[in-house]
Amino acid sequence: MSETNSPTPMHETAIPSSLRTHTVADAWQCFDRNDVAGLNAFLSLDRDATTTGALTGTGALAGVPVAIKDNLATLTLPTTCASRILEGYVSPFEATAVRRLREAGAVVIGKTNMDEFAMGSSTENSAYGPTRNPLDRDRVPGGSSGGSAAAVAAGVVRIALGSETGGSVRQPAAFCGIVGVKPTYGRVSRYGLVAYASSLDNVGVFGSTVAEAAAALEIIAGHDPLDSTSADVPVPPMLPARAHDDVAKPLSGLVVGKPREYFPANLDPRIASHCERALAQLAALGAEVREVSLPSTDLAIPVYYIIAPAEASSNLARYDGARYGARAEAGDLRSMYERTRSRGFGDEVTRRILLGTYVLSAGYYDAYYKRAQAVRTLITREFADVFASGVHLLFTPTTPTPAFRLGELSDPYEMYLSDIFTVTANLAGVPAMSQPIGLVDGLPVGGQFMAPHFAEPTMLRAAAALEAALGATAGAAGVTA
Amino acid sequence: MSTAANTATSTTNGTWELVIGLEVHCQLRTRSKIFCGCATSFGEAPNTNTCPVCLGLPGALPVLNAEAVELATRASLALGCTVHEASVFARKNYFYPDLPKGYQISQFDRPLATDGSLVIGTQADGTPRVIRVHRVHMEEDAGKSVHDRFRDVSAIDLNRAGTPLVEIVSEPDIRSGAEAGAYARRMKQILEYAGVSDANMEEGSLRVDVNISIRPSSTSPFGTKTEIKNLNSFSAIERAVEIEFARQCRVLESGGVIEQQTMLYDDKRNEVRPARSKEGSHDYRYFPEPDLPPLRLSAAYIETQRAALPELPEAKRRRFATEYGLGDVEIEQLIVDQTLAAHYELVARASGDARRAANWMLGTVLAAVNASGRSLGEHPVSAERLGALIKLEAAGEVSNTAARQVFGLMEEEGGEPLELAKREGLLQVRDDSALVGWIDEVFAENPAEAARFVGGEKKLQGVLVGLVMKKSRGSADPKKVNQLLGARVG
């Protein structure tokens, strides 16, 4: 909370010139030249897209092409959540985050592929086919915001919107070698984000660089009266200038925690070594690295897979065929519901709805949902305690492995474990981000920062410093297919 | 209006005791819906009062209406409930075509308010009959399925979806159909007084579900209950309860068991029967609504709402008894709605005669208002002028008959009662010379009767008074006329 009390005068984070020089025309050139169509990163495109901001050139993002995950409502293109049940659905209103981008002059060039209703960690669970990783087309881009990550990694756009429920921005950012930021819960309005698990859902941003992601976040952040969970706190500059004059040690005074639970003995040694190198670099920049403990970390996945499906089972009840979306005709109401939902939802969505219905049922509620909420509170408190002990940021791997091959993880449970380092931030509501910190077999490795609530500026400043220090050796940022 | 004053007896048939709890759904009188800015106006074209939020479109989110919270808080306080400083919205999940989100946002384990009470009348021993209110919670209404508009298909009208409601749940303290009716009537009255609802049963802004069970004696545990849904008049509540009581008695006495089920009351056939097919027990899978933070109300806010409440019926009953010395029946009739009660008070003050004012209000005035088809507020005779008229009557300046004539003139043409009475010669004449003049004229016109009267035939006095009154067109003071006539006998 220290950030909100900061006396720092409000001013906008500078928009990186890299954003302003990449035009809509460049986006289409990249799209066509690199056979981006073959990646299946987009579900719909607006080839004629222009905005008032772009024409007048007044907004901070005037003329900047952006891609939007297909679970964010837009007025101009369908919003399908990559599900058959919303095939062709066009929203009559726009998500607040999208509206703010447009008002800043950004041009929405397309809606990106995703795991159906944001359920998945690979973007293979799309009703419209999987997205491929631009860095290795046999591999997944990660999920569920894989389409947006791939669009940025392929160079079509430099910033894109995604969404996170358990790591769906950070994990694909790590797999695609770009920057992905999940803000504090409540920092960015969820209005217009099609709900998966409301208490965990966040709108997140992708950028080719830390500065780009920070600029995009600053534009979409801020209180929204249309979202009752939106935080009524001021939006500070997301990427403040250096806090002091020590150019050689810009992070001096910063304490970075290394939580031992995120560095288990069986962690891929190549990923571990990239993290160690990044931590050494942070120390070289002046930060103090301190080992800390978050003992309940191993409970995060089971807790997540109770709470998220529980909320999902309720959030997805509205897709009944009665008012919009696909409807299966049947003789009576009950059969209409059953057929519509059986045909409209894919396997992973069905699995989570069933799981969620079960854990909320009378007789199981106390044993599962209520207990999971208690553990969630415990996890949240452990974060608060660590941050209260003088640690400003945590640094961990983003994922336990680099991008896996399409079809490689067929067991849902194995897939669930790919979010093992990211779900905690969603459960605790703290901001977190992933950035490239190296390559393993030519595939990017992501390093993750986590910060106290509303401490995005601290996190982004450290990330920018680390990015600069690691330089070109960091990974695949900017690589095009 | 019949009241619960003497209905506080249990329904028993010697063997079984009736146990009843009521759930009252009351639509709050807000301008907009509970979670969006759509209008709550009744009778609009289907699906016009709708937006992404109340239609449950993907990505839309609820925002709680402060006015709804205000009115729900006042309703709770009017019922003597404890309003909690923290309450929690929950999702009640079920599939229904007119439930756009697939869940209803309601309150579950942490409601807005608990532990209130409602006085429904006076018991035989003079003590008040009190029904405990278990809880008051806020929720949104669902839409409406329309089955009679199109051939072979049902349509959905979502204008009502998201209308703010409070659900008021009683303890199972009610013991007869008459008590159930009295509870519902008093509930409607208190909600209207508190200004929180139109409480109009025809328009569905007050809907009542009744839970009924029977048991051998008041010390036994409760029996299995049935629920009769959506009763839409007080008499329907009373009749449905008695019919269901009789049915449950028959079932148990013939060795059967009561099944827990939802029943419907058929007004036309006057019967209670199970609703459609028997549905499995509902599992609503309640959990806290993640799109809304807990509702927090400060103690100061709650006190502000309490202060904003007008005088409620129970206080008015007590005050009317002590301040105006009125009887129970008159009081119930006068406080049936606030406008009438307020108007009565103005008339009582203007006239300085509370009892006479009550008679006028409940007699002549209500009859005139009803005959005119207009409301009391639109009636042309103001409280001040009516008070002045009653003053004239009380002072003996005009007779009761003459006062009614003056009232009629005031209705037709307006004007001050004294002037009208003067103009029409309706002021009581007590001046001896005028009275003697009329008596002389009557004697002259009816010499035979006059002679017999003077000769001692006393029963003729009434006839002669009548003739004098007629001659004076009602303005003669009958007392004075009697005195003067009496003086002429022997």
# chains A, B, ... in the order shown; residues from 1 in each chain; ligands from 1

$ closest_atom_pairs --of "chain B" --to "chain A" --cutoff "6 Å" --atoms "only C-alpha atoms" --output "tab-separated table"
residue	atom	partner	partner_atom	distance
B:Pro58	CA	A:Val194	CA	5.1
B:Gly59	CA	A:Gly192	CA	3.9
B:Ala60	CA	A:Gly192	CA	5.7
B:Val63	CA	A:Ser228	CA	5.7
B:Lys101	CA	A:Arg318	CA	4.5
B:Gly102	CA	A:Ala317	CA	4.8
B:Arg285	CA	A:Leu360	CA	5.2
B:Pro290	CA	A:Ser199	CA	5.3
B:Leu292	CA	A:Ser228	CA	5.7

$ residues_around --residues "stretch 111-128 of chain B" --least-positions-apart "6" --cutoff "6 Å" --atoms "only C-alpha atoms" --output "ChimeraX atom specification"
/B:4-5,8,79-84,87,134-137,182-183

$ select_by_dssp --residues "stretch 30-212 of chain B" --states "helix (DSSP H, G or I)" --output "ChimeraX atom specification"
/B:52-55,66-78,177-193

$ residues_around --residues "stretch 354-356 of chain B" --least-positions-apart "6" --cutoff "9 Å" --atoms "only C-alpha atoms" --output "PyMOL selection string"
chain B and resi 323-326+344-345+347-348+390+394

$ residues_around --residues "A:Glu87" --least-positions-apart "4" --cutoff "8 Å" --atoms "only C-alpha atoms" --output "list in words"
Thr80, Ala82, Ser83, Gly325 and Ala326 of chain A

$ residues_around --residues "B:Ser154" --least-positions-apart "2" --cutoff "12 Å" --atoms "only C-alpha atoms" --output "list in words"
Ala322, Asp332 and Leu333 of chain A; Pro97, Asp98, Lys144, Ser145, Val146, His147, Asp148, Arg149, Phe150, Arg151, Asp152, Ile156 and Asp157 of chain B

$ closest_residue --among "B:Glu413, B:Glu378, B:Glu140, B:Glu311" --to "B:Ile190" --atoms "only C-alpha atoms"
B:Glu311

$ residues_around --residues "B:Ile439" --least-positions-apart "5" --cutoff "10 Å" --atoms "only C-alpha atoms" --output "PyMOL selection string"
chain B and resi 433-434+444-445+450+464-465+467-469+471-472+481+484-485

$ write_last_selection --atoms "all heavy atoms" --output "compact mmCIF listing (two decimals), in the first residue's frame"
# COMPACT_ATOMS: atom_id res chain seq x y z
N SER B 433 -87.44 36.39 19.61
CA SER B 433 -88.47 37.05 18.81
C SER B 433 -88.71 36.33 17.49
O SER B 433 -89.86 36.12 17.09
CB SER B 433 -88.11 38.52 18.58
OG SER B 433 -86.94 38.58 17.82
N ALA B 434 -87.62 35.88 16.85
CA ALA B 434 -87.77 35.15 15.59
C ALA B 434 -88.50 33.84 15.83
O ALA B 434 -89.42 33.47 15.09
CB ALA B 434 -86.40 34.89 14.97
N ALA B 444 -101.08 29.75 13.97
CA ALA B 444 -102.13 30.36 13.16
C ALA B 444 -102.54 29.42 12.02
O ALA B 444 -103.72 29.32 11.67
CB ALA B 444 -101.65 31.69 12.60
N GLU B 445 -101.56 28.71 11.47
CA GLU B 445 -101.85 27.83 10.33
C GLU B 445 -102.50 26.53 10.78
O GLU B 445 -103.11 25.82 9.98
CB GLU B 445 -100.57 27.55 9.55
CG GLU B 445 -100.11 28.75 8.73
CD GLU B 445 -98.63 28.65 8.35
OE1 GLU B 445 -98.07 27.52 8.42
OE2 GLU B 445 -98.05 29.70 8.00
N ALA B 450 -102.96 23.37 17.65
CA ALA B 450 -102.45 24.31 18.64
C ALA B 450 -103.34 24.32 19.88
O ALA B 450 -102.86 24.27 21.02
CB ALA B 450 -102.36 25.71 18.04
N LEU B 464 -95.40 19.87 16.45
CA LEU B 464 -95.29 21.32 16.33
C LEU B 464 -93.84 21.76 16.16
O LEU B 464 -93.54 22.66 15.36
CB LEU B 464 -95.93 22.00 17.56
CG LEU B 464 -97.45 21.78 17.64
CD1 LEU B 464 -98.00 22.22 19.00
CD2 LEU B 464 -98.17 22.53 16.52
N VAL B 465 -92.94 21.11 16.91
CA VAL B 465 -91.51 21.44 16.73
C VAL B 465 -91.11 21.20 15.29
O VAL B 465 -90.45 22.03 14.65
CB VAL B 465 -90.62 20.61 17.69
CG1 VAL B 465 -89.15 20.81 17.35
CG2 VAL B 465 -90.88 20.99 19.13
N LEU B 467 -92.91 21.29 12.66
CA LEU B 467 -93.46 22.31 11.77
C LEU B 467 -92.66 23.61 11.87
O LEU B 467 -92.40 24.28 10.86
CB LEU B 467 -94.94 22.55 12.11
CG LEU B 467 -95.88 21.39 11.70
CD1 LEU B 467 -97.27 21.55 12.32
CD2 LEU B 467 -95.97 21.28 10.18
N VAL B 468 -92.26 23.93 13.11
CA VAL B 468 -91.44 25.14 13.28
C VAL B 468 -90.09 24.98 12.58
O VAL B 468 -89.63 25.89 11.87
CB VAL B 468 -91.24 25.45 14.79
CG1 VAL B 468 -90.25 26.62 14.95
CG2 VAL B 468 -92.56 25.77 15.46
N MET B 469 -89.52 23.80 12.74
CA MET B 469 -88.23 23.55 12.09
C MET B 469 -88.37 23.71 10.58
O MET B 469 -87.52 24.28 9.91
CB MET B 469 -87.72 22.14 12.42
CG MET B 469 -87.31 21.91 13.87
SD MET B 469 -86.09 23.10 14.48
CE MET B 469 -84.66 22.65 13.55
N LYS B 471 -90.60 25.39 8.93
CA LYS B 471 -90.82 26.80 8.58
C LYS B 471 -89.49 27.57 8.59
O LYS B 471 -89.26 28.44 7.76
CB LYS B 471 -91.81 27.42 9.58
CG LYS B 471 -92.22 28.85 9.21
CD LYS B 471 -93.50 29.26 9.87
CE LYS B 471 -94.75 28.70 9.22
NZ LYS B 471 -94.98 29.17 7.85
N SER B 472 -88.64 27.19 9.57
CA SER B 472 -87.36 27.91 9.68
C SER B 472 -86.30 27.32 8.73
O SER B 472 -85.15 27.71 8.77
CB SER B 472 -86.84 27.82 11.12
OG SER B 472 -86.38 26.50 11.38
N VAL B 481 -86.92 26.01 20.78
CA VAL B 481 -88.31 25.88 20.31
C VAL B 481 -89.10 25.07 21.33
O VAL B 481 -90.22 25.42 21.71
CB VAL B 481 -88.37 25.23 18.92
CG1 VAL B 481 -89.82 24.94 18.52
CG2 VAL B 481 -87.70 26.12 17.89
N LEU B 484 -89.84 27.16 24.37
CA LEU B 484 -90.87 28.17 24.13
C LEU B 484 -92.26 27.53 24.00
O LEU B 484 -93.25 28.07 24.49
CB LEU B 484 -90.53 28.99 22.89
CG LEU B 484 -89.30 29.90 23.04
CD1 LEU B 484 -88.88 30.48 21.69
CD2 LEU B 484 -89.60 31.02 24.03
N LEU B 485 -92.31 26.39 23.35
CA LEU B 485 -93.59 25.70 23.21
C LEU B 485 -94.10 25.27 24.59
O LEU B 485 -95.27 25.45 24.93
CB LEU B 485 -93.44 24.47 22.31
CG LEU B 485 -93.48 24.73 20.79
CD1 LEU B 485 -93.16 23.45 20.03
CD2 LEU B 485 -94.85 25.27 20.37

$ closest_residue --among "B:Phe453, B:Phe35, B:Phe407, B:Trp360" --to "B:Phe89" --atoms "only C-alpha atoms"
B:Phe35

$ atom_distance --atom1 "atom CA of B:Asn49" --atom2 "atom CA of B:Arg160"
8.0 Å

$ select_by_dssp --residues "stretch 207-337 of chain B" --states "strand (DSSP E or B)" --output "VMD selection string"
chain B and resid 207 to 215 226 to 231 262 to 266 271 to 274 287 to 288 295 to 296

$ write_last_selection --atoms "N, CA, C and O atoms" --output "JSON list (two decimals), in the first residue's frame"
[["chain", "number", "residue", "atom", "x", "y", "z"],
["B", 207, "ARG", "N", -45.45, -9.88, -2.48],
["B", 207, "ARG", "CA", -45.81, -11.27, -2.79],
["B", 207, "ARG", "C", -45.55, -12.12, -1.54],
["B", 207, "ARG", "O", -44.58, -11.90, -0.84],
["B", 208, "VAL", "N", -46.43, -13.05, -1.31],
["B", 208, "VAL", "CA", -46.36, -13.80, -0.06],
["B", 208, "VAL", "C", -46.30, -15.30, -0.32],
["B", 208, "VAL", "O", -47.08, -15.84, -1.10],
["B", 209, "ASP", "N", -45.33, -15.97, 0.32],
["B", 209, "ASP", "CA", -45.27, -17.42, 0.35],
["B", 209, "ASP", "C", -45.57, -17.85, 1.78],
["B", 209, "ASP", "O", -45.12, -17.21, 2.73],
["B", 210, "VAL", "N", -46.34, -18.94, 1.91],
["B", 210, "VAL", "CA", -46.73, -19.39, 3.25],
["B", 210, "VAL", "C", -46.19, -20.80, 3.49],
["B", 210, "VAL", "O", -46.38, -21.69, 2.67],
["B", 211, "ASN", "N", -45.51, -20.99, 4.61],
["B", 211, "ASN", "CA", -45.05, -22.32, 5.01],
["B", 211, "ASN", "C", -45.99, -22.86, 6.09],
["B", 211, "ASN", "O", -46.22, -22.18, 7.09],
["B", 212, "ILE", "N", -46.49, -24.05, 5.89],
["B", 212, "ILE", "CA", -47.52, -24.59, 6.79],
["B", 212, "ILE", "C", -47.15, -26.00, 7.24],
["B", 212, "ILE", "O", -46.77, -26.84, 6.44],
["B", 213, "SER", "N", -47.25, -26.22, 8.55],
["B", 213, "SER", "CA", -47.15, -27.60, 9.05],
["B", 213, "SER", "C", -48.16, -27.75, 10.18],
["B", 213, "SER", "O", -48.69, -26.75, 10.68],
["B", 214, "ILE", "N", -48.41, -28.97, 10.57],
["B", 214, "ILE", "CA", -49.29, -29.19, 11.72],
["B", 214, "ILE", "C", -48.59, -30.13, 12.69],
["B", 214, "ILE", "O", -47.67, -30.86, 12.31],
["B", 215, "ARG", "N", -49.01, -30.06, 13.95],
["B", 215, "ARG", "CA", -48.41, -30.93, 14.97],
["B", 215, "ARG", "C", -49.48, -31.19, 16.03],
["B", 215, "ARG", "O", -50.44, -30.42, 16.17],
["B", 226, "THR", "N", -45.27, -27.73, 4.14],
["B", 226, "THR", "CA", -45.44, -27.48, 2.72],
["B", 226, "THR", "C", -45.41, -25.98, 2.52],
["B", 226, "THR", "O", -45.61, -25.21, 3.46],
["B", 227, "GLU", "N", -45.12, -25.58, 1.28],
["B", 227, "GLU", "CA", -45.02, -24.15, 1.00],
["B", 227, "GLU", "C", -46.04, -23.79, -0.08],
["B", 227, "GLU", "O", -46.06, -24.43, -1.13],
["B", 228, "ILE", "N", -46.88, -22.82, 0.19],
["B", 228, "ILE", "CA", -47.80, -22.33, -0.83],
["B", 228, "ILE", "C", -47.23, -21.02, -1.35],
["B", 228, "ILE", "O", -47.03, -20.06, -0.61],
["B", 229, "LYS", "N", -46.95, -21.02, -2.65],
["B", 229, "LYS", "CA", -46.20, -19.91, -3.26],
["B", 229, "LYS", "C", -47.12, -18.83, -3.81],
["B", 229, "LYS", "O", -48.22, -19.12, -4.27],
["B", 230, "ASN", "N", -46.60, -17.60, -3.81],
["B", 230, "ASN", "CA", -47.19, -16.50, -4.58],
["B", 230, "ASN", "C", -48.65, -16.23, -4.34],
["B", 230, "ASN", "O", -49.45, -16.15, -5.27],
["B", 231, "LEU", "N", -49.04, -16.11, -3.09],
["B", 231, "LEU", "CA", -50.42, -15.76, -2.79],
["B", 231, "LEU", "C", -50.57, -14.25, -3.00],
["B", 231, "LEU", "O", -49.74, -13.47, -2.55],
["B", 262, "THR", "N", -43.89, -27.99, -2.77],
["B", 262, "THR", "CA", -44.41, -26.66, -3.08],
["B", 262, "THR", "C", -45.83, -26.80, -3.62],
["B", 262, "THR", "O", -46.09, -27.64, -4.48],
["B", 263, "MET", "N", -46.73, -25.99, -3.08],
["B", 263, "MET", "CA", -48.15, -26.08, -3.45],
["B", 263, "MET", "C", -48.56, -24.78, -4.15],
["B", 263, "MET", "O", -47.93, -23.73, -3.98],
["B", 264, "LEU", "N", -49.63, -24.89, -4.91],
["B", 264, "LEU", "CA", -50.22, -23.71, -5.52],
["B", 264, "LEU", "C", -51.65, -23.58, -5.03],
["B", 264, "LEU", "O", -52.33, -24.58, -4.82],
["B", 265, "TYR", "N", -52.10, -22.34, -4.84],
["B", 265, "TYR", "CA", -53.49, -22.12, -4.45],
["B", 265, "TYR", "C", -54.26, -21.66, -5.69],
["B", 265, "TYR", "O", -53.87, -20.70, -6.35],
["B", 266, "ASP", "N", -55.31, -22.41, -6.02],
["B", 266, "ASP", "CA", -56.14, -22.06, -7.17],
["B", 266, "ASP", "C", -57.33, -21.27, -6.67],
["B", 266, "ASP", "O", -58.23, -21.80, -6.01],
["B", 271, "GLU", "N", -58.80, -24.37, -4.20],
["B", 271, "GLU", "CA", -58.12, -25.59, -3.75],
["B", 271, "GLU", "C", -56.61, -25.40, -3.77],
["B", 271, "GLU", "O", -56.08, -24.54, -4.48],
["B", 272, "VAL", "N", -55.95, -26.21, -2.95],
["B", 272, "VAL", "CA", -54.49, -26.20, -2.89],
["B", 272, "VAL", "C", -54.00, -27.50, -3.47],
["B", 272, "VAL", "O", -54.48, -28.57, -3.11],
["B", 273, "ARG", "N", -53.08, -27.41, -4.44],
["B", 273, "ARG", "CA", -52.56, -28.64, -5.04],
["B", 273, "ARG", "C", -51.06, -28.50, -5.30],
["B", 273, "ARG", "O", -50.54, -27.38, -5.38],
["B", 274, "PRO", "N", -50.38, -29.64, -5.43],
["B", 274, "PRO", "CA", -48.92, -29.58, -5.64],
["B", 274, "PRO", "C", -48.57, -28.82, -6.93],
["B", 274, "PRO", "O", -49.32, -28.88, -7.90],
["B", 287, "PHE", "N", -22.81, -19.32, -2.64],
["B", 287, "PHE", "CA", -21.45, -18.93, -2.21],
["B", 287, "PHE", "C", -21.37, -17.42, -2.31],
["B", 287, "PHE", "O", -22.18, -16.80, -3.01],
["B", 288, "PRO", "N", -20.44, -16.80, -1.60],
["B", 288, "PRO", "CA", -20.39, -15.33, -1.58],
["B", 288, "PRO", "C", -20.19, -14.76, -2.99],
["B", 288, "PRO", "O", -19.36, -15.27, -3.74],
["B", 295, "LEU", "N", -21.27, -5.69, 2.06],
["B", 295, "LEU", "CA", -21.95, -4.41, 2.27],
["B", 295, "LEU", "C", -21.64, -3.93, 3.68],
["B", 295, "LEU", "O", -21.97, -4.60, 4.66],
["B", 296, "ARG", "N", -21.00, -2.78, 3.79],
["B", 296, "ARG", "CA", -20.67, -2.24, 5.11],
["B", 296, "ARG", "C", -21.45, -0.96, 5.36],
["B", 296, "ARG", "O", -21.42, -0.04, 4.55]]

$ closest_residue --among "B:Arg186, B:Ala341, B:Val241, B:Cys249" --to "B:Gly14" --atoms "only C-alpha atoms"
B:Cys249

$ closest_residue --among "A:Leu378, A:Leu39, A:Val303, A:Ser434" --to "A:Asp138" --atoms "only C-alpha atoms"
A:Leu39
